[in-house]
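Coordinates as given in run_6.tsv (TSV, C-alpha atoms):
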```tsv
chain	number	residue	atom	x	y	z
A	1	MET	CA	-7.21	-10.89	37.22
A	2	PRO	CA	-10.34	-8.83	36.35
A	3	THR	CA	-12.79	-10.91	34.33
A	4	GLY	CA	-12.95	-8.16	31.70
A	5	ASP	CA	-9.30	-8.78	30.81
A	6	ARG	CA	-9.76	-12.47	30.00
A	7	PRO	CA	-11.43	-12.16	26.57
A	8	ARG	CA	-8.75	-9.67	25.54
A	9	LEU	CA	-5.93	-11.99	26.63
A	10	SER	CA	-7.64	-14.92	24.92
A	11	ALA	CA	-7.89	-12.95	21.69
A	12	VAL	CA	-4.21	-12.00	21.87
A	13	GLN	CA	-3.28	-15.62	22.47
A	14	SER	CA	-5.34	-16.71	19.47
A	15	VAL	CA	-3.62	-14.15	17.26
A	16	ASP	CA	-0.23	-15.30	18.55
A	17	ARG	CA	-1.05	-18.93	17.80
A	18	ALA	CA	-2.42	-18.07	14.34
A	19	VAL	CA	0.82	-16.25	13.51
A	20	SER	CA	2.79	-19.26	14.76
A	21	ILE	CA	0.81	-21.51	12.43
A	22	LEU	CA	1.57	-19.26	9.46
A	23	GLU	CA	5.27	-19.17	10.37
A	24	MET	CA	5.33	-22.96	10.64
A	25	LEU	CA	3.64	-23.45	7.27
A	26	ALA	CA	6.02	-20.94	5.68
A	27	GLU	CA	8.94	-22.99	7.00
A	28	PHE	CA	7.59	-26.51	6.45
A	29	GLY	CA	5.67	-25.91	3.22
A	30	ALA	CA	2.65	-27.95	4.33
A	31	ALA	CA	1.42	-29.63	7.50
A	32	GLY	CA	-1.64	-31.33	8.91
A	33	VAL	CA	-3.60	-30.56	12.05
A	34	THR	CA	-1.81	-33.22	14.11
A	35	GLU	CA	1.66	-32.03	13.03
A	36	ILE	CA	0.83	-28.40	13.80
A	37	ALA	CA	-0.67	-29.27	17.19
A	38	SER	CA	2.39	-31.31	18.13
A	39	GLU	CA	4.88	-28.70	16.95
A	40	LEU	CA	3.14	-25.83	18.74
A	41	ALA	CA	2.04	-27.85	21.79
A	42	VAL	CA	-1.59	-26.82	21.27
A	43	ASN	CA	-4.58	-29.17	21.28
A	44	LYS	CA	-5.91	-30.24	17.90
A	45	SER	CA	-9.36	-28.68	18.31
A	46	THR	CA	-7.76	-25.27	18.85
A	47	VAL	CA	-5.51	-25.71	15.81
A	48	PHE	CA	-8.46	-26.80	13.68
A	49	ARG	CA	-10.53	-23.78	14.76
A	50	LEU	CA	-7.68	-21.39	13.96
A	51	LEU	CA	-7.08	-23.05	10.60
A	52	MET	CA	-10.75	-22.63	9.71
A	53	THR	CA	-10.50	-18.89	10.43
A	54	LEU	CA	-7.27	-18.52	8.48
A	55	GLU	CA	-8.73	-20.50	5.58
A	56	ALA	CA	-11.83	-18.30	5.49
A	57	ARG	CA	-9.59	-15.27	4.99
A	58	GLY	CA	-7.42	-16.97	2.34
A	59	LEU	CA	-4.36	-17.04	4.59
A	60	VAL	CA	-4.11	-20.83	4.34
A	61	VAL	CA	-5.49	-23.41	1.91
A	62	GLN	CA	-6.03	-27.12	2.35
A	63	ASP	CA	-4.78	-29.73	-0.07
A	64	SER	CA	-7.93	-31.74	-0.82
A	65	GLU	CA	-5.96	-34.95	-1.50
A	66	ARG	CA	-3.49	-34.95	1.41
A	67	GLY	CA	-5.54	-32.91	3.87
A	68	LYS	CA	-2.54	-30.76	4.72
A	69	TYR	CA	-2.54	-26.98	4.91
A	70	ARG	CA	-0.20	-24.53	3.25
A	71	VAL	CA	0.17	-20.77	3.01
A	72	GLY	CA	-2.64	-19.21	0.96
A	73	ARG	CA	-2.81	-16.44	-1.60
A	74	THR	CA	-3.78	-13.74	0.89
A	75	ALA	CA	-0.62	-14.36	2.92
A	76	VAL	CA	1.42	-14.19	-0.26
A	77	LEU	CA	-0.20	-10.87	-1.20
A	78	LEU	CA	0.49	-9.45	2.27
A	79	ALA	CA	4.14	-10.43	1.98
A	80	ALA	CA	4.30	-8.89	-1.49
A	81	GLY	CA	2.78	-5.68	-0.19
A	82	ALA	CA	5.46	-5.36	2.47
A	83	SER	CA	8.22	-5.47	-0.10
A	84	LYS	CA	6.61	-3.69	-3.04
A	85	VAL	CA	8.20	-0.29	-2.39
A	86	ARG	CA	11.65	-1.84	-2.10
A	87	ASP	CA	11.03	-3.90	-5.24
A	88	ILE	CA	9.71	-1.01	-7.32
A	89	VAL	CA	12.84	0.99	-6.50
A	90	ALA	CA	15.13	-1.83	-7.63
A	91	VAL	CA	13.12	-2.55	-10.77
A	92	SER	CA	12.53	1.04	-11.89
A	93	ARG	CA	15.83	2.76	-11.13
A	94	PRO	CA	17.78	1.62	-14.24
A	95	VAL	CA	14.80	2.26	-16.54
A	96	SER	CA	14.13	5.72	-15.09
A	97	HIS	CA	17.80	6.66	-15.43
A	98	GLU	CA	17.76	5.57	-19.08
A	99	LEU	CA	14.62	7.63	-19.66
A	100	ALA	CA	16.15	10.70	-18.01
A	101	ALA	CA	19.21	10.44	-20.23
A	102	SER	CA	16.98	10.09	-23.27
A	103	VAL	CA	14.63	13.02	-22.67
A	104	GLY	CA	17.03	15.33	-20.85
A	105	GLU	CA	14.59	16.06	-18.02
A	106	THR	CA	14.07	14.87	-14.45
A	107	VAL	CA	12.51	11.42	-14.13
A	108	SER	CA	11.07	10.11	-10.87
A	109	VAL	CA	8.98	7.23	-9.55
A	110	ALA	CA	6.34	7.81	-6.89
A	111	VAL	CA	4.08	5.57	-4.82
A	112	PRO	CA	0.81	6.56	-3.12
A	113	ASP	CA	0.67	7.06	0.64
A	114	GLY	CA	-2.67	8.33	1.87
A	115	ALA	CA	-3.33	11.77	0.39
A	116	GLU	CA	0.25	12.14	-0.84
A	117	ALA	CA	2.59	10.79	-3.48
A	118	VAL	CA	6.02	9.79	-2.17
A	119	THR	CA	9.05	9.80	-4.45
A	120	THR	CA	11.09	6.57	-4.31
A	121	VAL	CA	13.61	7.06	-7.12
A	122	ASP	CA	15.59	10.34	-7.17
A	123	HIS	CA	14.55	12.98	-4.61
A	124	VAL	CA	13.72	9.99	-2.36
A	125	GLY	CA	11.17	10.68	0.36
A	126	THR	CA	9.74	13.85	-1.19
A	127	ARG	CA	6.01	14.11	-0.50
A	128	ALA	CA	3.43	16.03	-2.48
A	129	SER	CA	-0.37	16.32	-2.60
A	130	LEU	CA	-2.08	13.88	-4.94
A	131	HIS	CA	-4.44	16.43	-6.49
A	132	ALA	CA	-1.62	18.83	-7.42
A	133	THR	CA	0.84	16.39	-9.01
A	134	ALA	CA	0.86	14.35	-12.20
A	135	ALA	CA	1.74	11.14	-10.32
A	136	GLY	CA	-0.97	11.90	-7.79
A	137	LYS	CA	-3.61	12.29	-10.48
A	138	VAL	CA	-2.62	8.86	-11.81
A	139	PHE	CA	-3.36	7.40	-8.38
A	140	LEU	CA	-6.58	9.36	-7.93
A	141	ALA	CA	-7.85	8.17	-11.32
A	142	GLU	CA	-7.60	4.56	-10.08
A	143	MET	CA	-9.56	5.13	-6.89
A	144	THR	CA	-13.16	4.10	-6.38
A	145	SER	CA	-15.69	6.90	-6.08
A	146	THR	CA	-15.95	6.24	-2.33
A	147	GLU	CA	-12.19	6.49	-1.84
A	148	LEU	CA	-12.00	9.62	-3.94
A	149	ASP	CA	-14.90	11.33	-2.16
A	150	ALA	CA	-13.29	10.62	1.22
A	151	LEU	CA	-10.01	12.15	0.07
A	152	ILE	CA	-11.63	15.24	-1.45
A	153	ALA	CA	-14.05	15.85	1.44
A	154	PRO	CA	-11.59	17.75	3.71
A	155	GLY	CA	-10.87	20.17	0.86
A	156	LEU	CA	-8.10	20.57	-1.71
A	157	THR	CA	-5.12	22.70	-0.70
A	158	ALA	CA	-3.98	25.41	-3.13
A	159	HIS	CA	-0.22	25.24	-3.60
A	160	THR	CA	-0.15	27.77	-6.43
A	161	SER	CA	-2.72	29.86	-8.28
A	162	ALA	CA	-2.97	27.01	-10.81
A	163	THR	CA	-3.81	24.28	-8.31
A	164	ILE	CA	-7.19	22.65	-8.89
A	165	THR	CA	-9.22	23.13	-5.71
A	166	ASP	CA	-12.69	22.56	-7.13
A	167	ALA	CA	-13.86	18.95	-6.71
A	168	ALA	CA	-15.92	18.91	-9.91
A	169	GLU	CA	-13.01	20.24	-11.97
A	170	LEU	CA	-10.70	17.62	-10.48
A	171	GLN	CA	-13.21	14.89	-11.32
A	172	GLU	CA	-13.25	16.10	-14.94
A	173	GLN	CA	-9.46	15.95	-15.10
A	174	LEU	CA	-9.40	12.45	-13.66
A	175	ALA	CA	-11.90	11.28	-16.27
A	176	LEU	CA	-9.50	12.61	-18.90
A	177	VAL	CA	-6.59	10.78	-17.22
A	178	ARG	CA	-8.52	7.51	-17.45
A	179	LYS	CA	-9.29	8.16	-21.10
A	180	LEU	CA	-5.78	9.21	-22.17
A	181	GLY	CA	-3.75	6.95	-19.90
A	182	TYR	CA	-1.56	9.73	-18.54
A	183	ALA	CA	-1.75	12.80	-16.31
A	184	THR	CA	-0.22	16.28	-16.50
A	185	THR	CA	0.27	19.24	-14.19
A	186	TYR	CA	1.19	22.75	-15.27
A	187	GLU	CA	2.62	24.68	-12.30
A	188	GLU	CA	-0.07	23.22	-10.03
A	189	TYR	CA	2.26	22.18	-7.22
A	190	GLU	CA	5.24	24.43	-7.85
A	191	VAL	CA	5.48	27.60	-9.92
A	192	GLY	CA	7.68	27.01	-12.95
A	193	LEU	CA	7.36	23.20	-12.91
A	194	THR	CA	5.48	21.04	-15.40
A	195	ALA	CA	5.07	17.26	-15.20
A	196	LEU	CA	3.75	14.27	-17.12
A	197	ALA	CA	3.05	10.88	-15.49
A	198	MET	CA	1.93	7.39	-16.47
A	199	PRO	CA	0.97	4.40	-14.31
A	200	ILE	CA	3.23	1.48	-13.45
A	201	ARG	CA	1.09	-1.62	-13.08
A	202	THR	CA	1.65	-4.88	-11.27
A	203	LEU	CA	0.59	-8.48	-11.89
A	204	GLY	CA	-3.14	-8.00	-11.29
A	205	GLY	CA	-3.26	-4.79	-13.35
A	206	GLY	CA	-3.45	-2.45	-10.37
A	207	VAL	CA	-1.38	0.72	-10.25
A	208	ILE	CA	1.58	0.26	-7.92
A	209	ALA	CA	3.48	3.46	-8.79
A	210	ALA	CA	3.73	6.28	-11.32
A	211	LEU	CA	6.60	7.22	-13.61
A	212	THR	CA	7.00	10.97	-14.08
A	213	ILE	CA	8.93	13.30	-16.37
A	214	SER	CA	9.17	16.85	-15.04
A	215	GLY	CA	10.98	20.00	-16.02
A	216	PRO	CA	10.94	23.78	-15.98
A	217	SER	CA	7.86	25.22	-17.67
A	218	PHE	CA	9.86	27.23	-20.19
A	219	ARG	CA	11.16	23.92	-21.55
A	220	ALA	CA	8.44	21.42	-20.61
A	221	ASN	CA	5.02	22.78	-21.51
A	222	GLU	CA	1.86	22.04	-23.49
A	223	ARG	CA	3.78	22.47	-26.74
A	224	THR	CA	6.72	20.20	-25.88
A	225	LEU	CA	5.19	17.56	-23.58
A	226	PRO	CA	3.74	15.48	-26.45
A	227	GLN	CA	7.27	14.52	-27.51
A	228	PHE	CA	7.74	12.80	-24.14
A	229	LEU	CA	4.64	10.59	-24.42
A	230	ALA	CA	6.16	7.75	-26.45
A	231	PRO	CA	9.38	7.35	-24.42
A	232	LEU	CA	7.47	7.64	-21.14
A	233	GLU	CA	4.93	5.05	-22.22
A	234	ALA	CA	7.69	2.65	-23.29
A	235	ALA	CA	9.54	3.06	-20.01
A	236	ALA	CA	6.39	2.65	-17.89
A	237	ALA	CA	5.47	-0.46	-19.88
A	238	LYS	CA	8.97	-1.88	-19.35
A	239	ILE	CA	8.82	-1.38	-15.59
A	240	SER	CA	5.26	-2.74	-15.46
A	241	TRP	CA	6.36	-5.84	-17.37
A	242	ARG	CA	9.19	-6.35	-14.88
A	243	CYS	CA	6.59	-6.08	-12.09
A	244	GLY	CA	4.64	-8.94	-13.67
A	245	TYR	CA	2.05	-6.98	-15.63
A	246	VAL	CA	1.06	-8.33	-19.03
A	247	LYS	CA	-1.01	-5.96	-21.15
A	248	ARG	CA	-4.06	-7.63	-22.66
A	249	GLY	CA	-4.82	-7.32	-26.35
```

With the file now loaded, output its structure as structure tokens.
Amino acid sequence: MPTGDRPRLSAVQSVDRAVSILEMLAEFGAAGVTEIASELAVNKSTVFRLLMTLEARGLVVQDSERGKYRVGRTAVLLAAGASKVRDIVAVSRPVSHELAASVGETVSVAVPDGAEAVTTVDHVGTRASLHATAAGKVFLAEMTSTELDALIAPGLTAHTSATITDAAELQEQLALVRKLGYATTYEEYEVGLTALAMPIRTLGGGVIAALTISGPSFRANERTLPQFLAPLEAAAAKISWRCGYVKRG
């Protein structure tokens, strides 16, 4: 075997063993170095070294009294991330259907995916540019300046004559979204379509999705959209609460 391949194989083996440790802790609840070494047939010094690395990243934590290790918060967050789209669909569908019946317009839930917003409830799988959609502006407004600059840098595609393609103008709109707590688009992604969106927040207060009311511009417009604010806010708050978010104050 070429000597250059050995470090790579060693690294792969370490990753494999670290995953095995996490799987064992998930199954057993808690275990010490000796138990883990015996179960995985790995020497204790190797197990200890891997546990130190996992602990440094928050993937495991040690019980100070018993000396045993258990799954840490970072591992829990990773598991939550894997299921969040599925969960948001289950949690939001009944609320969004109630809202749609109440306002008489289309209601959808979208999640961010790179430079696009992906619809998860009604019109499932539909993708649209963040900068040209109400849901997308909700996500952009939550980004750090570094994240936002990186997304804007390649340029903003014009979908209609109303699409905002100027970075400074988009920044101004996002500041308004942060101030008001909701975002709007008037024929910016599709001619004849107007939309209003509010954030759905999760336990830590981060935005996990956006709830949107949209309709034809002759019916949903600057004059009529204000009447949708209260029901949309109530519905978004209800879904957020079900996702674990508790509004402060």

(request) For each of A:Thr144, A:Thr133, A:Thr119, A:Thr202, take the minimum atom-to-atom distance to Val107 in chain A, counting only C-alpha atoms, then give the residue where this is smallest. (result) A:Thr119

(message) Let me make sure I understand: among A:Gln171, A:Ala75, A:Ala37, A:Asn43, which one has the smallest atom-to-atom distance to Glu55 in chain A if we use only C-alpha atoms?
(response) A:Ala75

(message) Taking (-3.0, -35.8, 9.5) in the coordinates of the supplied file, I want to know which residues reach to within 12 Å of it, counting only C-alpha atoms; could you give the answer as a PyMOL selection string?
(response) chain A and resi 30-38+44+48+62-63+65-69

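In this structure, CA of Leu180 in chain A sits 25.9 Å away from CA of Ala153 in chain A.
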
(request) Please determine the residues with any atom at most 8 Å from (-3.6, -18.9, 11.9) (coordinates as given in the file, with only C-alpha atoms counting) and report them as a PyMOL selection string. (result) chain A and resi 15+17-22+50-51+53-54+59-60

Those selected residues, please, written with C-alpha atoms and delivered as an mmCIF file, in the frame of the given file.
```cif
data_model
loop_
_atom_site.group_PDB
_atom_site.id
_atom_site.type_symbol
_atom_site.label_atom_id
_atom_site.label_comp_id
_atom_site.auth_asym_id
_atom_site.auth_seq_id
_atom_site.Cartn_x
_atom_site.Cartn_y
_atom_site.Cartn_z
ATOM 1 C CA VAL A 15 -3.620 -14.150 17.260
ATOM 2 C CA ARG A 17 -1.050 -18.930 17.800
ATOM 3 C CA ALA A 18 -2.420 -18.070 14.340
ATOM 4 C CA VAL A 19 0.820 -16.250 13.510
ATOM 5 C CA SER A 20 2.790 -19.260 14.760
ATOM 6 C CA ILE A 21 0.810 -21.510 12.430
ATOM 7 C CA LEU A 22 1.570 -19.260 9.460
ATOM 8 C CA LEU A 50 -7.680 -21.390 13.960
ATOM 9 C CA LEU A 51 -7.080 -23.050 10.600
ATOM 10 C CA THR A 53 -10.500 -18.890 10.430
ATOM 11 C CA LEU A 54 -7.270 -18.520 8.480
ATOM 12 C CA LEU A 59 -4.360 -17.040 4.590
ATOM 13 C CA VAL A 60 -4.110 -20.830 4.340
#
```
